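K.L.:
This is the structure, below, for whatever I ask next.
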Amino acid sequence: MIRRGLPRTSPALSRVFSQCLARRQEVLPTTNSPIVSKLGFFNSVSGDAKQIPTFRLLDGVGKPLDGAVLPEVDEKFARKLYESMQLLPTLDNVLNNVQRQGKISFYMTSHGEEATIIGSAAALENDDEVLGQYREMGVLLWRGFSIDKVMAQCFGNEEDTSGKGRQMPVHFGSPEHHFHTISSPLATQIPQAAGVAYALRRTPSRRARSIAACFFGEGAASEGDFHAGLMLASTIPSPALFIARNNGFAISTPSSEQYNGDGIASRGPGYGIDTVRVDGNDILAVISAVREGRRRCLEQGRAVLIEAMSYRVGHHSTSDDSFAYRARTEVEDRKRIDNPITRFRLFMESQGWWDADAEAEMKARLKADVMKSFKRAENMKRCELGELFTDVYGGEEPWNIKEQRQELTGLLRKYGEIWEPWRNELGKFKNKGQDLLKGNAP
Ligand SMILES: Cc1ncc(C[n+]2csc(CCOP(=O)(O)OP(=O)(O)O)c2C)c(N)n1
Ligand SMILES: [Mg+2]
């Protein structure tokens, strides 16, 4: 027999059931989703606009757009922004060549992303915790990490405070500058940033004062860790500012093959995260977006996502030849038509803050500073060899580190003097490995 009408049940349950029936034209009991009778699929988070818009303040020739509200930038600050942007290619050109000469093992440039990196750094507070991917050296420079320190890390010499020469070049880290050490496996910094931001929220002296700013490429956003990180920051609210550098490539894979959705920005609303897409080649737009993103992080104690659009002008790294997968003309065109440094220079000139003489003086000075620092770093010794094993872990040294030190010492005693390649190599370390050879290890 088929029963019709309401199921027989307790009075309390029937009351709830009748309330649901009464509300059925409006929303479901578990969400505020409005009920509609027309079947409709959607594939856009920006409604009729189809694509999420890009926030921009300066056009390609540095002229403010109609109605643009520029961030407060005076001449002194503008000069600092411009000089910091120009320092990046100066360092990049030298260190890229130095790698080509075999003097350092690896390097990565940030050509084309200077406005994204320096603009973000300028909009953050210097003690906001930064978790970078690897192309964000400019944040450290903005915070006062010296050119000598950059050289020391890339050469892995005895002044390398990031890792005593034990890390690949560009894997910077500096507690003093609130810059967490870069690690190569992609996207690991994203869930870590959610955790760091949560820790900031739980620390009375930093709550509502500091955020965790996390940089990553659009390629890294394809990793599971991206989703884990945003999910974590969304459900356990924390002031994490996620800054996706969408530079069009993950090594040789163009962004058109990396996602079928509307970039990285479209994913933010899925996690209930305030999101904006910004023209990453417009330093003033980046400053406004990051300042506002930071303000929201602190005000709401919640995460924010910024997608900064730019173009990776350089090769992925010194291990890459990008002309194997993209046309030289494409790169040259982008450099010429949409250059973040030129755009801001034109803006500065329009304000009467910059001219050809200032440009020539600055370029010569930066080049001289970088070359002086390079020559100094090139001739410095590495740390003592025994430093290889120190402070790998916190606390008491574990047995495996002791064992490795003993093994190396044994090999050094056997071959260190008699085998030329080892003798030469030992000569590059401070005290030529004597700290181990003369130490207590058997
Ligand atoms: C887990 C993991 N997979 C692969 C790699 C190799 N890898 C290094 S960088 C890179 C591309 C990353 O592209 P993107 O995140 O867009 O950053 P970009 O280099 O463009 O700044 C890849 C695949 C890696 N380091 N880690
Ligand atoms: Mg990329």
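Here, A, B, ... name the chains of the structure tokens in the order displayed, residue numbers run from 1 inside each chain, and ligands are numbered from 1 in the same displayed order.
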Using only C-alpha atoms, which protein or nucleic acid residues come within 10 Å of segment 376-382 of chain A? Drop anything in the same chain fewer than 5 positions from it, and give the result as a PyMOL selection string.

P.N.:
chain A and resi 98+103-104+148-160+164-165+370-371+387+426-432

K.L.:
Write out the residues from the selection above, keeping N, CA and C atoms, as a compact mmCIF listing (two decimals), in the first residue's frame.

P.N.:
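And here is the file that came out, result_24.txt:
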```
# COMPACT_ATOMS: atom_id res chain seq x y z
N VAL A 98 77.39 35.00 -13.40
CA VAL A 98 78.34 34.33 -12.51
C VAL A 98 78.06 32.82 -12.51
N LYS A 103 80.78 29.79 -11.33
CA LYS A 103 81.23 30.20 -9.99
C LYS A 103 80.18 29.94 -8.92
N ILE A 104 78.92 29.89 -9.30
CA ILE A 104 77.88 29.42 -8.37
C ILE A 104 77.08 28.34 -9.12
N ASP A 148 75.65 42.04 0.23
CA ASP A 148 76.68 41.09 0.70
C ASP A 148 76.04 39.79 1.19
N LYS A 149 74.91 39.92 1.86
CA LYS A 149 74.25 38.71 2.36
C LYS A 149 73.69 37.87 1.21
N VAL A 150 73.20 38.55 0.18
CA VAL A 150 72.72 37.83 -1.00
C VAL A 150 73.87 37.04 -1.61
N MET A 151 75.00 37.73 -1.79
CA MET A 151 76.18 37.08 -2.38
C MET A 151 76.63 35.91 -1.50
N ALA A 152 76.66 36.14 -0.19
CA ALA A 152 77.13 35.09 0.72
C ALA A 152 76.28 33.84 0.58
N GLN A 153 74.97 34.03 0.46
CA GLN A 153 74.09 32.85 0.34
C GLN A 153 74.34 32.17 -1.00
N CYS A 154 74.43 32.95 -2.07
CA CYS A 154 74.57 32.32 -3.39
C CYS A 154 75.92 31.63 -3.55
N PHE A 155 76.97 32.21 -2.93
CA PHE A 155 78.28 31.56 -2.99
C PHE A 155 78.42 30.50 -1.90
N GLY A 156 77.53 30.53 -0.92
CA GLY A 156 77.64 29.57 0.19
C GLY A 156 78.92 29.77 0.97
N ASN A 157 79.29 31.04 1.17
CA ASN A 157 80.56 31.26 1.88
C ASN A 157 80.35 31.41 3.39
N GLU A 158 81.46 31.70 4.10
CA GLU A 158 81.38 31.68 5.57
C GLU A 158 80.46 32.76 6.15
N GLU A 159 80.04 33.72 5.32
CA GLU A 159 79.12 34.74 5.82
C GLU A 159 77.66 34.38 5.56
N ASP A 160 77.42 33.22 4.99
CA ASP A 160 76.04 32.85 4.67
C ASP A 160 75.26 32.54 5.94
N LYS A 164 74.65 28.50 6.10
CA LYS A 164 76.07 28.12 6.18
C LYS A 164 76.55 27.37 4.94
N GLY A 165 76.01 27.78 3.78
CA GLY A 165 76.47 27.18 2.54
C GLY A 165 75.90 25.80 2.26
N VAL A 370 76.98 46.15 -6.63
CA VAL A 370 76.83 44.70 -6.84
C VAL A 370 78.18 44.08 -7.22
N MET A 371 78.93 44.75 -8.09
CA MET A 371 80.21 44.19 -8.53
C MET A 371 81.20 44.12 -7.37
N GLU A 387 80.96 22.49 10.08
CA GLU A 387 79.65 23.17 10.18
C GLU A 387 78.57 22.44 9.39
N LEU A 426 89.17 20.77 -0.27
CA LEU A 426 89.35 21.12 1.15
C LEU A 426 89.92 22.53 1.30
N GLY A 427 90.74 22.94 0.32
CA GLY A 427 91.36 24.26 0.37
C GLY A 427 90.32 25.39 0.34
N LYS A 428 89.11 25.09 -0.09
CA LYS A 428 88.08 26.15 -0.17
C LYS A 428 87.41 26.40 1.18
N PHE A 429 87.62 25.48 2.13
CA PHE A 429 86.98 25.65 3.44
C PHE A 429 87.92 26.39 4.39
N LYS A 430 87.32 27.13 5.27
CA LYS A 430 88.09 27.78 6.32
C LYS A 430 88.84 26.69 7.10
N ASN A 431 90.10 26.84 7.33
CA ASN A 431 90.93 25.87 8.06
C ASN A 431 91.08 24.53 7.32
N LYS A 432 90.71 24.53 6.06
CA LYS A 432 90.97 23.37 5.17
C LYS A 432 90.55 22.02 5.74
```

K.L.:
Residues within 7 Å of ligand 1, counting only C-alpha atoms and all ligand atoms: report them as a list in words.

P.N.:
Arg135, Ser184, Pro185, Leu186, Phe216, Gly217, Glu218, Gly219, Ala220, Ala221, Arg245, Asn246, Asn247, Gly248, Phe249, Ala250, Ile251, Arg312 and His316 of chain A

K.L.:
Could you give me, as a PyMOL selection string, the residues within 9 Å of Glu292 of chain A, counting only C-alpha atoms and dropping anything in the same chain fewer than 5 positions from it?

P.N.:
chain A and resi 123+287+297

K.L.:
Measure the distance from atom CA of Ser256 of chain A to atom CA of Glu113 of chain A in Å and round it to one decimal.

P.N.:
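Answer for the atom CA of Ser256 of chain A to atom CA of Glu113 of chain A separation: 19.0 Å.
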
K.L.:
As a list in words, which residues of segment 175-259 of chain A does DSSP assign to strand (DSSP E)?

P.N.:
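Written out, the strand (DSSP E) residues of segment 175-259 of chain A are Phe179, His180, Ala212, Ala213, Cys214, Phe215, Phe216, Gly217, Ala240, Leu241, Phe242, Ile243, Ala244, Arg245, Asn246, Phe249, Ala250, Thr253 and Pro254 of chain A.
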
K.L.:
Would you export the selected residues with N, CA and C atoms as a compact mmCIF listing (two decimals), in the first residue's frame, please?

P.N.:
```txt
# COMPACT_ATOMS: atom_id res chain seq x y z
N PHE A 179 61.76 36.25 7.49
CA PHE A 179 61.68 35.60 6.17
C PHE A 179 62.03 34.12 6.35
N HIS A 180 61.04 33.27 6.21
CA HIS A 180 61.23 31.84 6.48
C HIS A 180 62.03 31.20 5.34
N ALA A 212 50.83 36.57 8.19
CA ALA A 212 51.77 35.73 7.43
C ALA A 212 51.47 35.96 5.97
N ALA A 213 52.48 36.40 5.21
CA ALA A 213 52.30 36.62 3.77
C ALA A 213 52.98 35.48 3.04
N CYS A 214 52.21 34.82 2.18
CA CYS A 214 52.73 33.63 1.51
C CYS A 214 52.75 33.81 0.00
N PHE A 215 53.92 33.73 -0.59
CA PHE A 215 54.05 33.87 -2.06
C PHE A 215 54.14 32.48 -2.69
N PHE A 216 53.51 32.34 -3.83
CA PHE A 216 53.67 31.10 -4.60
C PHE A 216 53.33 31.37 -6.05
N GLY A 217 53.84 30.52 -6.94
CA GLY A 217 53.53 30.67 -8.36
C GLY A 217 52.21 29.99 -8.69
N ALA A 240 46.28 34.98 7.09
CA ALA A 240 47.27 34.59 6.07
C ALA A 240 46.93 35.30 4.77
N LEU A 241 47.92 35.98 4.22
CA LEU A 241 47.72 36.68 2.94
C LEU A 241 48.41 35.85 1.86
N PHE A 242 47.62 35.22 1.01
CA PHE A 242 48.17 34.37 -0.04
C PHE A 242 48.37 35.21 -1.29
N ILE A 243 49.60 35.30 -1.75
CA ILE A 243 49.89 36.12 -2.93
C ILE A 243 50.37 35.18 -4.05
N ALA A 244 49.47 34.94 -5.01
CA ALA A 244 49.81 34.06 -6.13
C ALA A 244 50.45 34.90 -7.23
N ARG A 245 51.68 34.56 -7.57
CA ARG A 245 52.35 35.26 -8.67
C ARG A 245 52.02 34.49 -9.94
N ASN A 246 51.08 34.99 -10.71
CA ASN A 246 50.74 34.29 -11.96
C ASN A 246 51.58 34.89 -13.09
N PHE A 249 53.85 30.84 -16.52
CA PHE A 249 54.56 29.58 -16.76
C PHE A 249 54.91 28.85 -15.46
N ALA A 250 54.86 27.52 -15.54
CA ALA A 250 55.47 26.67 -14.51
C ALA A 250 56.56 25.92 -15.28
N THR A 253 55.50 24.72 -18.80
CA THR A 253 54.06 24.56 -18.98
C THR A 253 53.38 25.93 -18.90
N PRO A 254 52.76 26.37 -20.00
CA PRO A 254 52.09 27.67 -19.94
C PRO A 254 50.83 27.59 -19.07
```

K.L.:
Please report the interatomic distance between atom CA of Gly62 of chain A and atom CA of Leu81 of chain A in Å with one decimal.

P.N.:
14.4 Å

K.L.:
As a PDB file with C-alpha atoms, in the first residue's frame, list the residues of segment 31-252 of chain A assigned to helix (DSSP H, G or I) by DSSP on the backbone atoms of this structure.

P.N.:
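Everything below was put into out-v2.pdb:
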```
ATOM      1  CA  GLY A  47      28.425  36.451 -12.529  1.00  0.00           C
ATOM      2  CA  ASP A  48      27.753  38.062 -15.873  1.00  0.00           C
ATOM      3  CA  ALA A  49      31.273  39.440 -16.137  1.00  0.00           C
ATOM      4  CA  GLU A  75      58.753  61.322  -3.814  1.00  0.00           C
ATOM      5  CA  LYS A  76      61.049  59.715  -1.259  1.00  0.00           C
ATOM      6  CA  PHE A  77      58.981  56.532  -1.080  1.00  0.00           C
ATOM      7  CA  ALA A  78      58.603  56.412  -4.870  1.00  0.00           C
ATOM      8  CA  ARG A  79      62.383  56.636  -5.268  1.00  0.00           C
ATOM      9  CA  LYS A  80      62.832  53.773  -2.820  1.00  0.00           C
ATOM     10  CA  LEU A  81      60.317  51.684  -4.768  1.00  0.00           C
ATOM     11  CA  TYR A  82      62.015  52.436  -8.059  1.00  0.00           C
ATOM     12  CA  GLU A  83      65.535  51.821  -6.799  1.00  0.00           C
ATOM     13  CA  SER A  84      64.473  48.541  -5.185  1.00  0.00           C
ATOM     14  CA  MET A  85      62.901  47.405  -8.451  1.00  0.00           C
ATOM     15  CA  GLN A  86      66.068  48.345 -10.364  1.00  0.00           C
ATOM     16  CA  LEU A  87      68.335  46.550  -7.901  1.00  0.00           C
ATOM     17  CA  LEU A  88      66.695  43.250  -8.811  1.00  0.00           C
ATOM     18  CA  PRO A  89      67.730  43.110 -12.492  1.00  0.00           C
ATOM     19  CA  THR A  90      71.149  44.509 -11.549  1.00  0.00           C
ATOM     20  CA  LEU A  91      71.736  41.615  -9.168  1.00  0.00           C
ATOM     21  CA  ASP A  92      69.996  39.142 -11.452  1.00  0.00           C
ATOM     22  CA  ASN A  93      72.159  39.981 -14.459  1.00  0.00           C
ATOM     23  CA  VAL A  94      75.385  39.656 -12.509  1.00  0.00           C
ATOM     24  CA  LEU A  95      74.463  36.476 -10.639  1.00  0.00           C
ATOM     25  CA  ASN A  96      73.044  34.843 -13.753  1.00  0.00           C
ATOM     26  CA  ASN A  97      76.359  35.463 -15.529  1.00  0.00           C
ATOM     27  CA  VAL A  98      78.337  34.326 -12.509  1.00  0.00           C
ATOM     28  CA  GLN A  99      76.447  31.028 -12.647  1.00  0.00           C
ATOM     29  CA  ARG A 100      77.246  30.749 -16.352  1.00  0.00           C
ATOM     30  CA  GLU A 114      59.761  43.337  -9.975  1.00  0.00           C
ATOM     31  CA  ALA A 115      56.544  45.294  -9.361  1.00  0.00           C
ATOM     32  CA  THR A 116      54.732  42.316  -7.838  1.00  0.00           C
ATOM     33  CA  ILE A 117      57.575  41.558  -5.451  1.00  0.00           C
ATOM     34  CA  ILE A 118      58.645  45.059  -4.443  1.00  0.00           C
ATOM     35  CA  GLY A 119      55.063  46.373  -4.344  1.00  0.00           C
ATOM     36  CA  SER A 120      54.043  43.549  -2.000  1.00  0.00           C
ATOM     37  CA  ALA A 121      57.103  44.055   0.210  1.00  0.00           C
ATOM     38  CA  ALA A 122      56.379  47.771   0.449  1.00  0.00           C
ATOM     39  CA  ALA A 123      52.759  47.188   1.483  1.00  0.00           C
ATOM     40  CA  MET A 137      64.616  37.945  -2.960  1.00  0.00           C
ATOM     41  CA  GLY A 138      63.304  41.493  -3.434  1.00  0.00           C
ATOM     42  CA  VAL A 139      61.267  41.218  -0.221  1.00  0.00           C
ATOM     43  CA  LEU A 140      64.436  40.547   1.742  1.00  0.00           C
ATOM     44  CA  LEU A 141      66.289  43.409   0.037  1.00  0.00           C
ATOM     45  CA  TRP A 142      63.395  45.739   0.833  1.00  0.00           C
ATOM     46  CA  ILE A 147      73.763  42.715  -1.159  1.00  0.00           C
ATOM     47  CA  ASP A 148      76.679  41.092   0.704  1.00  0.00           C
ATOM     48  CA  LYS A 149      74.248  38.707   2.365  1.00  0.00           C
ATOM     49  CA  VAL A 150      72.715  37.828  -1.003  1.00  0.00           C
ATOM     50  CA  MET A 151      76.176  37.078  -2.376  1.00  0.00           C
ATOM     51  CA  ALA A 152      77.133  35.091   0.720  1.00  0.00           C
ATOM     52  CA  GLN A 153      74.088  32.852   0.337  1.00  0.00           C
ATOM     53  CA  CYS A 154      74.574  32.323  -3.391  1.00  0.00           C
ATOM     54  CA  PHE A 155      78.276  31.562  -2.987  1.00  0.00           C
ATOM     55  CA  PRO A 175      64.738  35.147  11.188  1.00  0.00           C
ATOM     56  CA  GLU A 176      65.908  38.745  11.702  1.00  0.00           C
ATOM     57  CA  HIS A 177      63.980  39.773   8.585  1.00  0.00           C
ATOM     58  CA  GLN A 189      55.029  27.014   2.254  1.00  0.00           C
ATOM     59  CA  ILE A 190      51.274  27.325   1.724  1.00  0.00           C
ATOM     60  CA  PRO A 191      49.934  25.120   4.556  1.00  0.00           C
ATOM     61  CA  GLN A 192      52.909  26.281   6.634  1.00  0.00           C
ATOM     62  CA  ALA A 193      51.734  29.878   6.166  1.00  0.00           C
ATOM     63  CA  ALA A 194      48.263  28.952   7.416  1.00  0.00           C
ATOM     64  CA  GLY A 195      49.927  27.482  10.504  1.00  0.00           C
ATOM     65  CA  VAL A 196      52.226  30.479  10.998  1.00  0.00           C
ATOM     66  CA  ALA A 197      49.247  32.827  10.704  1.00  0.00           C
ATOM     67  CA  TYR A 198      47.343  30.763  13.242  1.00  0.00           C
ATOM     68  CA  ALA A 199      50.317  30.939  15.605  1.00  0.00           C
ATOM     69  CA  LEU A 200      50.386  34.740  15.166  1.00  0.00           C
ATOM     70  CA  ARG A 201      46.731  34.854  16.085  1.00  0.00           C
ATOM     71  CA  ARG A 202      47.426  32.872  19.221  1.00  0.00           C
ATOM     72  CA  ALA A 220      52.529  25.653  -7.257  1.00  0.00           C
ATOM     73  CA  ALA A 221      48.792  26.239  -6.931  1.00  0.00           C
ATOM     74  CA  SER A 222      48.314  22.926  -8.773  1.00  0.00           C
ATOM     75  CA  GLY A 224      47.542  19.467  -3.191  1.00  0.00           C
ATOM     76  CA  ASP A 225      49.267  21.625  -0.574  1.00  0.00           C
ATOM     77  CA  PHE A 226      47.656  24.730  -2.097  1.00  0.00           C
ATOM     78  CA  HIS A 227      44.208  23.344  -1.381  1.00  0.00           C
ATOM     79  CA  ALA A 228      45.204  21.997   2.024  1.00  0.00           C
ATOM     80  CA  GLY A 229      46.632  25.399   2.959  1.00  0.00           C
ATOM     81  CA  LEU A 230      43.642  27.430   1.859  1.00  0.00           C
ATOM     82  CA  MET A 231      41.262  24.954   3.460  1.00  0.00           C
ATOM     83  CA  LEU A 232      43.166  25.177   6.717  1.00  0.00           C
ATOM     84  CA  ALA A 233      43.208  28.978   6.696  1.00  0.00           C
ATOM     85  CA  SER A 234      39.523  29.003   5.810  1.00  0.00           C
ATOM     86  CA  THR A 235      38.231  26.635   8.487  1.00  0.00           C
TER      87      THR A 235
END
```

K.L.:
Rounded to one decimal place, report the atom CA of Glu26 of chain A-atom CA of Phe41 of chain A distance in Å.

P.N.:
19.2 Å
